[in-house]
>>> print(open('final23.txt').read())   # compact mmCIF, C-alpha atoms
# COMPACT_ATOMS: atom_id res chain seq x y z
CA MET O 1414 0.00 0.00 0.00
CA ASP O 1415 1.49 3.28 -1.13
CA PRO O 1416 0.92 5.75 1.77
CA PHE O 1417 1.30 8.78 -0.53
CA GLU O 1418 -1.36 7.48 -2.91
CA VAL O 1419 -3.72 6.89 0.02
CA TYR O 1420 -3.04 10.35 1.42
CA ASP O 1421 -3.70 12.01 -1.94
CA TYR O 1422 -6.96 10.09 -2.31
CA TRP O 1423 -8.40 10.99 1.08
CA SER O 1424 -7.19 14.58 1.10
CA ALA O 1425 -8.91 15.09 -2.25
CA TRP O 1426 -12.25 13.87 -0.90
CA GLY O 1427 -12.01 15.21 2.66
CA PHE O 1428 -13.83 14.20 5.83
CA GLY O 1429 -17.10 13.53 4.03
CA LYS O 1430 -15.53 10.71 2.05
CA LEU O 1431 -13.89 9.31 5.19
CA ALA O 1432 -17.24 9.26 6.98
CA ARG O 1433 -18.89 7.63 3.95
CA VAL O 1434 -16.32 4.84 3.71
CA PHE O 1435 -15.86 4.21 7.43
CA TRP O 1436 -19.46 4.85 8.51
CA TYR O 1437 -19.83 1.56 10.33
CA PHE O 1438 -16.84 2.20 12.59
CA ILE O 1439 -17.65 5.89 13.19
CA ILE O 1440 -21.40 5.64 13.79
CA PHE O 1441 -21.51 2.42 15.77
CA GLU O 1442 -18.18 1.16 17.11
CA LEU O 1443 -16.46 4.47 17.85
CA SER O 1444 -19.53 6.25 19.19
CA ARG O 1445 -20.89 3.42 21.37
CA TYR O 1446 -17.87 1.51 22.62
CA VAL O 1447 -15.27 4.27 22.80
CA LEU O 1448 -16.80 7.74 23.13
CA ILE O 1449 -19.97 6.97 25.11
CA ASP O 1450 -18.20 4.45 27.35
CA PHE O 1451 -15.35 6.89 27.97
CA PHE O 1452 -17.79 9.69 28.82
CA ILE O 1453 -19.79 7.55 31.28
CA LEU O 1454 -16.66 6.11 32.88
CA CYS O 1455 -15.29 9.63 33.39
CA ILE O 1456 -18.49 10.63 35.18
CA PHE O 1457 -18.28 7.42 37.21
CA LYS O 1458 -14.72 8.27 38.21
CA LEU O 1459 -15.58 11.87 39.10
CA THR O 1460 -18.48 10.80 41.33
CA ALA O 1461 -16.40 8.24 43.22
CA ARG O 1462 -16.23 10.37 46.37
CA SER O 1463 -20.00 10.67 46.74
CA ARG O 1464 -20.41 6.93 46.14
CA LYS O 1465 -17.74 6.24 48.76
CA ALA O 1466 -19.81 8.00 51.42
CA ARG O 1467 -22.90 5.95 50.53
CA TRP O 1468 -20.79 2.79 50.39
CA ASP O 1469 -19.40 3.38 53.89
CA ASP O 1470 -22.89 3.87 55.32
CA ALA O 1471 -24.14 0.73 53.56
CA LYS O 1472 -21.13 -1.26 54.77
CA GLN O 1473 -21.84 -0.24 58.35
CA ALA O 1474 -25.49 -1.26 57.98
CA PHE O 1475 -24.37 -4.60 56.52
CA TRP O 1476 -22.06 -5.32 59.45
CA ASN O 1477 -24.66 -4.19 61.96
CA GLU O 1478 -27.16 -6.70 60.58
CA ARG O 1479 -24.74 -9.45 59.55
CA PRO O 1480 -27.35 -11.17 57.37
CA LEU O 1481 -27.34 -14.86 56.58
CA ILE O 1482 -26.07 -15.47 53.04
CA SER O 1483 -26.91 -18.83 51.50
CA ILE O 1484 -24.21 -20.50 49.36
CA ILE O 1485 -25.14 -24.10 48.66
CA VAL O 1486 -23.13 -26.78 46.90
CA VAL O 1487 -25.13 -28.73 44.30
CA ASP O 1488 -23.83 -31.65 42.27
CA ASP O 1489 -25.96 -31.95 39.15
CA GLY O 1490 -25.49 -35.62 38.31
CA SER O 1491 -21.73 -35.43 37.77
CA ASP O 1492 -19.79 -38.51 36.65
CA ASP O 1493 -16.54 -37.61 38.42
CA ASP O 1494 -15.53 -37.45 42.09
CA ALA O 1495 -17.59 -34.34 42.87
CA ALA O 1496 -20.06 -36.31 45.02
CA VAL O 1497 -17.26 -37.88 47.08
CA ILE O 1498 -15.61 -34.50 47.61
CA GLY O 1499 -18.90 -32.78 48.44
CA ARG O 1500 -19.94 -35.34 51.00
CA SER O 1501 -16.48 -35.24 52.56
CA LEU O 1502 -16.68 -31.45 52.90
CA GLU O 1503 -20.11 -31.76 54.49
CA LYS O 1504 -18.97 -34.52 56.86
CA HIS O 1505 -16.03 -32.45 58.09
CA GLY O 1506 -18.16 -29.35 58.61
CA LEU O 1507 -16.53 -27.31 55.87
CA ILE O 1508 -19.90 -26.79 54.20
CA ASP O 1509 -23.37 -26.98 55.77
CA VAL O 1510 -25.31 -28.64 52.98
CA PHE O 1511 -24.32 -30.80 50.01
CA ILE O 1512 -27.07 -31.69 47.55
CA ARG O 1513 -26.91 -34.04 44.59
CA ASN O 1514 -29.15 -34.68 41.61
CA GLU O 1515 -28.58 -38.33 40.79
CA LYS O 1516 -29.60 -37.59 37.20
CA ARG O 1517 -28.50 -34.41 35.49
CA GLY O 1518 -31.32 -31.91 35.30
CA GLY O 1519 -29.46 -28.87 34.00
CA LYS O 1520 -28.31 -25.64 35.58
CA ALA O 1521 -31.79 -24.29 36.31
CA SER O 1522 -32.78 -27.55 37.98
CA ALA O 1523 -29.69 -27.43 40.21
CA ALA O 1524 -30.26 -23.78 41.12
CA ASN O 1525 -33.92 -24.34 41.98
CA LEU O 1526 -33.04 -27.40 44.05
CA ALA O 1527 -30.65 -25.26 46.07
CA LEU O 1528 -33.33 -22.59 46.41
CA ARG O 1529 -35.54 -25.07 48.29
CA TYR O 1530 -32.90 -25.42 50.99
CA CYS O 1531 -31.82 -21.78 51.24
CA THR O 1532 -32.70 -19.93 54.43
CA GLY O 1533 -30.64 -16.75 54.08
CA LYS O 1534 -31.75 -13.23 53.35
CA TYR O 1535 -29.47 -13.22 50.32
CA LEU O 1536 -28.54 -15.94 47.87
CA LEU O 1537 -25.10 -16.18 46.30
CA HIS O 1538 -25.04 -17.99 42.96
CA LEU O 1539 -21.75 -19.11 41.44
CA ASP O 1540 -20.30 -21.62 38.99
CA ALA O 1541 -18.12 -24.51 40.10
CA ASP O 1542 -15.02 -23.03 38.45
CA SER O 1543 -15.34 -19.67 40.21
CA SER O 1544 -12.89 -18.34 42.79
CA PHE O 1545 -13.22 -15.08 44.68
CA ASP O 1546 -11.06 -12.26 45.95
CA ARG O 1547 -11.11 -12.31 49.76
CA ASP O 1548 -13.60 -9.45 50.09
CA ALA O 1549 -15.79 -10.39 47.11
CA VAL O 1550 -18.75 -11.76 49.08
CA GLU O 1551 -18.90 -8.68 51.30
CA ARG O 1552 -18.61 -6.34 48.33
CA ILE O 1553 -21.35 -7.99 46.30
CA ILE O 1554 -23.83 -7.80 49.21
CA ILE O 1555 -23.19 -4.18 50.31
CA PRO O 1556 -25.06 -2.61 47.32
CA PHE O 1557 -28.30 -4.12 48.66
CA TYR O 1558 -27.90 -1.73 51.61
CA MET O 1559 -27.41 1.24 49.29
CA ASP O 1560 -30.77 0.81 47.52
CA GLU O 1561 -33.62 -1.30 48.89
CA ARG O 1562 -35.06 -1.61 45.37
CA ILE O 1563 -32.09 -3.71 44.22
CA GLY O 1564 -33.09 -7.33 43.61
CA GLY O 1565 -29.82 -8.63 42.23
CA VAL O 1566 -26.14 -7.67 42.06
CA GLY O 1567 -23.67 -8.92 39.46
CA GLY O 1568 -20.03 -9.46 40.29
CA ASN O 1569 -17.02 -8.58 38.16
CA VAL O 1570 -15.93 -11.77 36.36
CA LYS O 1571 -12.39 -12.02 35.02
CA VAL O 1572 -10.48 -14.82 33.32
CA ARG O 1573 -8.24 -16.70 35.74
CA ASN O 1574 -6.40 -18.94 33.27
CA TYR O 1575 -5.47 -16.39 30.60
CA ASN O 1576 -1.83 -17.55 30.58
CA GLU O 1577 -2.80 -20.98 29.25
CA SER O 1578 -3.49 -20.10 25.60
CA LEU O 1579 -4.08 -17.36 23.06
CA CYS O 1580 -7.77 -18.24 23.15
CA ALA O 1581 -7.93 -17.55 26.90
CA LYS O 1582 -5.95 -14.29 26.57
CA LEU O 1583 -8.39 -12.92 24.01
CA GLN O 1584 -11.31 -13.79 26.27
CA ALA O 1585 -9.55 -12.04 29.16
CA ILE O 1586 -9.40 -8.83 27.13
CA GLU O 1587 -13.00 -9.33 26.02
CA TYR O 1588 -14.17 -9.79 29.63
CA LEU O 1589 -12.36 -6.62 30.68
CA LYS O 1590 -14.16 -4.67 27.97
CA SER O 1591 -17.62 -6.22 28.11
CA ILE O 1592 -17.85 -6.93 31.85
CA SER O 1593 -15.32 -5.00 33.92
CA SER O 1594 -15.97 -1.67 32.19
CA GLY O 1595 -18.97 -2.36 29.93
CA ARG O 1596 -21.24 -3.28 32.82
CA ILE O 1597 -20.19 -0.24 34.81
CA VAL O 1598 -21.63 1.78 31.93
CA THR O 1599 -24.90 -0.15 31.57
CA SER O 1600 -25.41 -0.26 35.36
CA PHE O 1601 -24.79 3.48 35.60
CA LEU O 1602 -27.40 4.05 32.87
CA GLY O 1603 -29.88 1.70 34.57
CA ILE O 1604 -29.97 -0.81 31.69
CA TYR O 1605 -27.68 -3.53 33.08
CA ARG O 1606 -29.30 -6.70 31.77
CA ILE O 1607 -27.45 -9.87 32.83
CA ILE O 1608 -26.06 -11.10 36.13
CA SER O 1609 -23.42 -13.66 35.29
CA GLY O 1610 -24.05 -17.16 36.62
CA ALA O 1611 -20.37 -17.27 37.56
CA PHE O 1612 -20.93 -14.72 40.33
CA GLY O 1613 -24.19 -13.08 41.30
CA ALA O 1614 -26.12 -12.24 44.47
CA PHE O 1615 -29.89 -12.01 44.86
CA ARG O 1616 -32.46 -11.04 47.43
CA MET O 1617 -34.04 -14.32 48.45
CA ASP O 1618 -37.56 -12.92 48.54
CA ALA O 1619 -37.12 -11.44 45.06
CA VAL O 1620 -35.96 -14.72 43.52
CA ARG O 1621 -38.85 -16.59 45.12
CA GLN O 1622 -41.29 -13.92 43.97
CA VAL O 1623 -40.34 -14.47 40.31
CA GLY O 1624 -40.41 -18.27 40.68
CA GLY O 1625 -36.69 -18.97 40.59
CA TRP O 1626 -34.90 -20.08 37.44
CA ASP O 1627 -36.84 -21.15 34.36
CA ILE O 1628 -35.69 -24.16 32.37
CA GLY O 1629 -33.42 -23.63 29.40
CA PRO O 1630 -30.12 -22.11 28.31
CA GLY O 1631 -29.64 -18.40 28.77
CA LEU O 1632 -30.94 -18.58 32.34
CA ASP O 1633 -28.47 -15.97 33.63
CA GLY O 1634 -30.02 -13.26 31.48
CA ASP O 1635 -33.49 -14.73 31.98
CA ILE O 1636 -33.54 -14.47 35.78
CA THR O 1637 -32.16 -10.92 35.50
CA VAL O 1638 -34.93 -9.87 33.12
CA LYS O 1639 -37.57 -11.52 35.32
CA LEU O 1640 -36.36 -9.48 38.29
CA ARG O 1641 -36.32 -6.27 36.27
CA LYS O 1642 -39.85 -6.94 34.98
CA ALA O 1643 -40.95 -7.49 38.59
CA GLY O 1644 -39.85 -3.93 39.36
CA TYR O 1645 -36.46 -4.57 40.93
CA ASN O 1646 -33.27 -2.69 40.08
CA ILE O 1647 -30.16 -4.60 39.02
CA HIS O 1648 -26.69 -3.41 40.01
CA PHE O 1649 -23.17 -4.25 38.86
CA GLU O 1650 -20.42 -4.10 41.47
CA HIS O 1651 -17.02 -3.89 39.76
CA THR O 1652 -15.10 -4.17 43.03
CA ALA O 1653 -16.54 -7.63 43.79
CA VAL O 1654 -14.12 -9.73 41.76
CA CYS O 1655 -14.52 -13.35 40.70
CA LEU O 1656 -12.00 -15.31 38.65
CA SER O 1657 -13.36 -17.92 36.27
CA ALA O 1658 -11.83 -20.57 33.98
CA ALA O 1659 -12.36 -19.74 30.30
CA PRO O 1660 -12.20 -22.23 27.40
CA THR O 1661 -8.62 -22.64 26.19
CA LYS O 1662 -9.55 -24.08 22.79
CA PHE O 1663 -11.37 -22.17 20.07
CA ARG O 1664 -13.62 -25.14 19.33
CA LYS O 1665 -14.94 -25.21 22.90
CA LEU O 1666 -15.26 -21.44 22.87
CA TRP O 1667 -17.28 -21.63 19.65
CA ASN O 1668 -19.76 -24.02 21.28
CA GLN O 1669 -20.05 -21.80 24.35
CA ARG O 1670 -20.69 -18.65 22.32
CA MET O 1671 -23.16 -20.42 20.05
CA ARG O 1672 -25.17 -21.21 23.18
CA TRP O 1673 -24.88 -17.66 24.53
CA SER O 1674 -25.85 -16.09 21.19
CA ARG O 1675 -28.84 -18.36 20.67
CA SER O 1676 -30.14 -17.15 24.01
CA LEU O 1677 -30.52 -13.62 22.67
CA VAL O 1678 -33.03 -14.85 20.10
CA ARG O 1679 -34.77 -17.31 22.38
CA PHE O 1680 -35.21 -15.01 25.37
CA ARG O 1681 -34.95 -11.42 24.11
CA LEU O 1682 -36.85 -11.86 20.85
CA ARG O 1683 -39.31 -14.55 21.97
CA LYS O 1684 -39.91 -15.11 25.66
CA HIS O 1685 -39.58 -11.53 26.89
CA LEU O 1686 -40.87 -9.73 23.82
CA ASP O 1687 -43.52 -8.09 26.03
CA VAL O 1688 -40.80 -5.72 27.26
CA PHE O 1689 -41.44 -3.73 24.08
CA VAL O 1690 -45.20 -3.44 24.70
CA PRO O 1691 -46.61 -0.74 27.03
CA HIS O 1692 -48.45 -2.41 29.90
CA LYS O 1693 -48.97 -2.03 33.65
CA GLY O 1694 -45.46 -3.17 34.56
CA PHE O 1695 -43.75 -1.41 31.64
CA ARG O 1696 -40.41 0.24 32.45
CA PHE O 1697 -38.56 2.41 29.96
CA THR O 1698 -35.16 1.22 31.25
CA ASN O 1699 -36.11 -2.38 30.44
CA PHE O 1700 -37.21 -1.30 26.97
CA LEU O 1701 -34.00 0.68 26.44
CA GLY O 1702 -31.83 -2.18 27.71
CA PHE O 1703 -33.42 -4.60 25.26
CA VAL O 1704 -33.09 -2.13 22.38
CA GLU O 1705 -29.40 -1.61 23.16
CA ASN O 1706 -28.78 -5.36 23.46
CA ILE O 1707 -30.60 -6.30 20.26
CA MET O 1708 -29.25 -3.34 18.33
CA TYR O 1709 -25.58 -3.89 19.12
CA ASN O 1710 -25.56 -7.68 19.17
CA PHE O 1711 -28.14 -8.66 16.57
CA VAL O 1712 -28.93 -5.80 14.19
CA LEU O 1713 -25.36 -4.53 13.89
CA ASP O 1714 -24.11 -8.05 13.34
CA LEU O 1715 -26.25 -8.16 10.20
CA LYS O 1716 -25.39 -4.53 9.38
CA TRP O 1717 -21.72 -5.47 9.23
CA TYR O 1718 -22.41 -7.69 6.22
CA VAL O 1719 -24.30 -4.80 4.62
CA TYR O 1720 -21.20 -2.67 5.15
CA ILE O 1721 -18.92 -5.25 3.52
CA ILE O 1722 -21.25 -5.54 0.50
CA ASP O 1723 -21.42 -1.74 0.30
CA MET O 1724 -17.63 -1.47 0.20
CA VAL O 1725 -17.20 -4.26 -2.36
CA PHE O 1726 -19.77 -2.87 -4.79
CA ASN O 1727 -19.10 0.85 -4.38
CA TYR O 1728 -15.41 0.98 -3.51
CA GLY O 1729 -14.09 -2.33 -4.84
CA ASP O 1730 -10.95 -0.76 -6.28
CA TRP O 1731 -10.06 0.67 -2.87
CA ILE O 1732 -10.70 -2.40 -0.73
CA LYS O 1733 -6.96 -2.96 -0.49
CA TYR O 1734 -6.74 0.39 1.32
CA ILE O 1735 -10.07 0.39 3.15
CA LEU O 1736 -9.52 -2.97 4.87
CA PRO O 1737 -6.11 -2.22 6.46
CA ILE O 1738 -7.24 1.26 7.52
CA ASN O 1739 -10.29 -0.28 9.16
CA ILE O 1740 -8.04 -2.73 11.00
CA LEU O 1741 -5.80 0.14 12.12
CA LEU O 1742 -8.80 2.13 13.39
CA TYR O 1743 -10.04 -0.84 15.41
CA ILE O 1744 -6.59 -1.44 16.88
CA ILE O 1745 -6.30 2.20 17.96
CA ALA O 1746 -9.79 2.02 19.49
CA GLY O 1747 -8.80 -1.21 21.23
CA PHE O 1748 -5.80 0.39 22.89
CA ALA O 1749 -7.93 3.37 23.94
CA GLN O 1750 -10.42 1.01 25.56
CA GLN O 1751 -7.65 -0.95 27.25
CA PHE O 1752 -6.19 2.23 28.72
CA THR O 1753 -9.59 3.28 30.07
CA ILE O 1754 -10.16 -0.15 31.60
CA SER O 1755 -6.79 -0.06 33.34
CA GLN O 1756 -7.93 2.98 35.33
CA PHE O 1757 -10.56 0.85 37.09
CA SER O 1758 -8.79 -2.49 37.41
CA GLU O 1759 -7.43 -3.76 40.72
CA ARG O 1760 -5.02 -5.92 38.68
CA ALA O 1761 -3.83 -3.30 36.18
CA LYS O 1762 -0.12 -4.20 36.51
CA GLU O 1763 -0.80 -7.91 36.29
CA GLU O 1764 -2.98 -7.40 33.21
CA ARG O 1765 -0.42 -5.35 31.28
CA VAL O 1766 0.71 -8.52 29.47
CA LEU O 1767 -2.67 -8.55 27.73
CA TRP O 1768 -1.87 -5.27 25.94
CA LEU O 1769 0.38 -7.23 23.55
CA TYR O 1770 -2.68 -9.09 22.25
CA VAL O 1771 -4.97 -6.10 21.69
CA PRO O 1772 -4.22 -6.02 17.91
CA VAL O 1773 -5.38 -9.64 17.61
CA MET O 1774 -8.76 -8.66 19.07
CA VAL O 1775 -9.74 -7.18 15.69
CA PHE O 1776 -9.80 -10.65 14.14
CA TYR O 1777 -11.21 -12.32 17.25
CA VAL O 1778 -14.20 -9.98 17.46
CA ALA O 1779 -14.76 -9.12 13.79
CA VAL O 1780 -14.27 -12.62 12.39
CA PHE O 1781 -14.51 -15.36 15.02
CA LEU O 1782 -17.22 -13.96 17.29
CA ARG O 1783 -19.19 -12.36 14.46
CA LEU O 1784 -19.36 -15.57 12.45
CA CYS O 1785 -20.30 -17.48 15.59
CA ARG O 1786 -23.14 -15.07 16.37
CA THR O 1787 -24.38 -15.13 12.79
CA PHE O 1788 -24.60 -18.92 12.69
CA ALA O 1789 -26.24 -18.97 16.12
CA TYR O 1790 -28.89 -16.38 15.19
CA ILE O 1791 -29.78 -18.15 11.94
CA ARG O 1792 -29.99 -21.59 13.58
CA GLU O 1793 -32.14 -20.30 16.43
CA LEU O 1794 -34.40 -18.09 14.33
CA PHE O 1795 -35.23 -20.75 11.77
CA PHE O 1796 -34.54 -24.07 13.51
CA LYS O 1797 -34.79 -23.36 17.28
CA SER O 1798 -31.54 -25.27 17.76
CA SER O 1799 -31.22 -24.32 21.45
CA TYR O 1800 -33.81 -26.98 22.27
CA ARG O 1801 -31.42 -29.64 20.96
CA ASP O 1802 -28.30 -28.34 22.68
CA PRO O 1803 -26.70 -31.20 24.71
CA TRP O 1804 -25.62 -28.63 27.31
CA ASN O 1805 -29.22 -28.75 28.51
CA PRO O 1806 -30.60 -32.26 29.21
CA GLN O 1807 -33.24 -33.35 26.71
CA LYS O 1808 -35.83 -33.88 29.43
CA SER O 1809 -35.35 -30.25 30.47
CA SER O 1810 -35.59 -29.02 26.88
CA TYR O 1811 -38.76 -31.07 26.42
CA GLN O 1812 -40.26 -29.50 29.54
CA ALA O 1813 -39.19 -26.05 28.33
CA VAL O 1814 -41.08 -26.55 25.08
CA LYS O 1815 -44.11 -27.81 27.00
CA GLU O 1816 -44.13 -24.77 29.30
CA GLY O 1817 -43.44 -22.29 26.51
CA TYR O 1818 -39.88 -21.40 27.53
>>> encode(input="final23.txt", output="structure tokens")
Amino acid sequence: MDPFEVYDYWSAWGFGKLARVFWYFIIFELSRYVLIDFFILCIFKLTARSRKARWDDAKQAFWNERPLISIIVVDDGSDDDAAVIGRSLEKHGLIDVFIRNEKRGGKASAANLALRYCTGKYLLHLDADSSFDRDAVERIIIPFYMDERIGGVGGNVKVRNYNESLCAKLQAIEYLKSISSGRIVTSFLGIYRIISGAFGAFRMDAVRQVGGWDIGPGLDGDITVKLRKAGYNIHFEHTAVCLSAAPTKFRKLWNQRMRWSRSLVRFRLRKHLDVFVPHKGFRFTNFLGFVENIMYNFVLDLKWYVYIIDMVFNYGDWIKYILPINILLYIIAGFAQQFTISQFSERAKEERVLWLYVPVMVFYVAVFLRLCRTFAYIRELFFKSSYRDPWNPQKSSYQAVKEGY
């Protein structure tokens, strides 16, 4: 690519031509994930002192009450030594209750089984591969004492095993962007929409009010939406840190993301479509959260292909210049995001090694994840493939169909 030829071309056409050719990046990626996020995070940083005062008062109220928090160990029909280990922990008094499904019922079944035994004021839900910072449990409960309308609090999930492979490193960067900073933004705006199953806390009465977890994949987002529709607020607490094991192979990651992406169609576009319809329990923040989710994960995924076709047909002779410039723009934006994230991370020095892999994120997000989402959306829209996903036991999928989930 001759840089002088490129310079002459763009200088002749000016900013208008630049905006026309790179409209997808400017209108959607730059505005939403760089400028808006940066603006909100700056406000969040500037208001830290006022939040600290509220946090200290809530922390004192938490310690004055010292509420019971239920964390129950459930073995959902495992075929390894989990049952032996669980019963040993219970026998030696290291855990209060160990429960086992002799036949696998799925994640919702395990969570609801635990709910029957819970007696605490708050319920802590976590995945088996989760590990916490020492103060994580305290920090995820304190927000309940800052706002009595909060029904659930999501923790900050980071990748523990990012040193094991390139696949894990890219997910670590993705989690920092989409969870560690992205959910600060959506929580601040009141549209935070999914409490991760890896680490989340709930008011017990709120979970029981909405009937617990419904059968089917996508239950993390589903229980969050059910709570929001019931009138509860949902909060993200970035200082409550959980480390989780991410897939280290791209094939396993593909299967995981296919399941996650199918859930958007199954739950956002089908089950909870009433969020878009004005009714007695209608909340504008729920409507806005769904619009943002569907717009930036579904519509823009399809819009990207429109952009590629637009460039090929209208600027085919300049694709050899447009493509590398696009890549460069995304890399610059990636570094800007990474810098912003580092201002909020408790592990900023430790995570510096991930900066080396920021340029690779262009191909990870734009190619791997986009293709995965596209296949998932098509398969779910036209074939309802989530009901045949082996991740969810067939008996549970059958019951989900029967109950309209």
>>> closest_residue(input="final23.txt", among="O:Tyr1720, O:Tyr1645, O:Phe1511, O:Phe1451", to="Ala1619 of chain O", atoms="only C-alpha atoms")
O:Tyr1645
>>> residues_around(input="final23.txt", residues="segment 1524-1533 of chain O", least_positions_apart="2", cutoff="6 Å", atoms="all atoms listed in the file", output="CSV table (one decimal) with C-alpha atoms, in the coordinates of the input")
chain,number,residue,atom,x,y,z
O,1481,LEU,CA,-27.3,-14.9,56.6
O,1482,ILE,CA,-26.1,-15.5,53.0
O,1483,SER,CA,-26.9,-18.8,51.5
O,1521,ALA,CA,-31.8,-24.3,36.3
O,1522,SER,CA,-32.8,-27.6,38.0
O,1535,TYR,CA,-29.5,-13.2,50.3
>>> residues_around(input="final23.txt", residues="segment 1629-1644 of chain O", least_positions_apart="5", cutoff="10 Å", atoms="all atoms listed in the file", output="PyMOL selection string")
chain O and resi 1519-1522+1562-1567+1604-1611+1613+1615+1619-1620+1622-1624+1672-1681+1684-1685+1687-1688+1694-1696+1698-1699+1702-1703+1799-1800+1802+1804-1806+1809-1814+1818
>>> atom_distance(input="final23.txt", atom1="atom CA of Asn1574 of chain O", atom2="atom CA of Thr1787 of chain O")
27.5 Å
>>> atom_distance(input="final23.txt", atom1="atom CA of Ile1732 of chain O", atom2="atom CA of Val1434 of chain O")
10.2 Å
>>> residues_near_point(input="final23.txt", point="(-17.8, 5.9, 21.5)", cutoff="12 Å", atoms="only C-alpha atoms", output="VMD selection string")
chain O and resid 1438 to 1454 1595 1598 1743 1746 to 1747 1749 to 1750
>>> decode(input="final23.txt", residues="segment 1572-1586 of chain O", atoms="N, CA and C atoms", output="PDB file, in the first residue's frame")
ATOM      1  N   VAL O1572     -11.025 -13.523  33.711  1.00  0.00           N
ATOM      2  CA  VAL O1572     -10.479 -14.824  33.316  1.00  0.00           C
ATOM      3  C   VAL O1572      -9.256 -15.155  34.168  1.00  0.00           C
ATOM      4  N   ARG O1573      -9.334 -16.288  34.858  1.00  0.00           N
ATOM      5  CA  ARG O1573      -8.245 -16.699  35.738  1.00  0.00           C
ATOM      6  C   ARG O1573      -7.090 -17.339  34.968  1.00  0.00           C
ATOM      7  N   ASN O1574      -7.397 -18.114  33.941  1.00  0.00           N
ATOM      8  CA  ASN O1574      -6.395 -18.940  33.266  1.00  0.00           C
ATOM      9  C   ASN O1574      -5.916 -18.346  31.948  1.00  0.00           C
ATOM     10  N   TYR O1575      -5.800 -17.009  31.877  1.00  0.00           N
ATOM     11  CA  TYR O1575      -5.467 -16.386  30.601  1.00  0.00           C
ATOM     12  C   TYR O1575      -4.059 -16.709  30.121  1.00  0.00           C
ATOM     13  N   ASN O1576      -3.197 -17.197  30.997  1.00  0.00           N
ATOM     14  CA  ASN O1576      -1.834 -17.548  30.584  1.00  0.00           C
ATOM     15  C   ASN O1576      -1.746 -18.889  29.865  1.00  0.00           C
ATOM     16  N   GLU O1577      -2.852 -19.627  29.792  1.00  0.00           N
ATOM     17  CA  GLU O1577      -2.801 -20.984  29.254  1.00  0.00           C
ATOM     18  C   GLU O1577      -2.831 -21.049  27.729  1.00  0.00           C
ATOM     19  N   SER O1578      -3.403 -20.049  27.063  1.00  0.00           N
ATOM     20  CA  SER O1578      -3.486 -20.100  25.602  1.00  0.00           C
ATOM     21  C   SER O1578      -3.857 -18.737  25.043  1.00  0.00           C
ATOM     22  N   LEU O1579      -3.668 -18.579  23.736  1.00  0.00           N
ATOM     23  CA  LEU O1579      -4.080 -17.357  23.062  1.00  0.00           C
ATOM     24  C   LEU O1579      -5.586 -17.181  23.174  1.00  0.00           C
ATOM     25  N   CYS O1580      -6.321 -18.276  23.046  1.00  0.00           N
ATOM     26  CA  CYS O1580      -7.775 -18.245  23.153  1.00  0.00           C
ATOM     27  C   CYS O1580      -8.213 -17.640  24.484  1.00  0.00           C
ATOM     28  N   ALA O1581      -7.583 -18.053  25.562  1.00  0.00           N
ATOM     29  CA  ALA O1581      -7.926 -17.547  26.895  1.00  0.00           C
ATOM     30  C   ALA O1581      -7.528 -16.088  27.052  1.00  0.00           C
ATOM     31  N   LYS O1582      -6.397 -15.690  26.480  1.00  0.00           N
ATOM     32  CA  LYS O1582      -5.954 -14.290  26.573  1.00  0.00           C
ATOM     33  C   LYS O1582      -6.944 -13.360  25.888  1.00  0.00           C
ATOM     34  N   LEU O1583      -7.428 -13.759  24.732  1.00  0.00           N
ATOM     35  CA  LEU O1583      -8.391 -12.915  24.013  1.00  0.00           C
ATOM     36  C   LEU O1583      -9.696 -12.790  24.788  1.00  0.00           C
ATOM     37  N   GLN O1584     -10.101 -13.868  25.438  1.00  0.00           N
ATOM     38  CA  GLN O1584     -11.308 -13.794  26.271  1.00  0.00           C
ATOM     39  C   GLN O1584     -11.077 -12.897  27.478  1.00  0.00           C
ATOM     40  N   ALA O1585      -9.856 -12.904  28.013  1.00  0.00           N
ATOM     41  CA  ALA O1585      -9.548 -12.044  29.159  1.00  0.00           C
ATOM     42  C   ALA O1585      -9.716 -10.576  28.786  1.00  0.00           C
ATOM     43  N   ILE O1586      -9.235 -10.205  27.604  1.00  0.00           N
ATOM     44  CA  ILE O1586      -9.401  -8.828  27.133  1.00  0.00           C
ATOM     45  C   ILE O1586     -10.879  -8.532  26.891  1.00  0.00           C
TER      46      ILE O1586
END
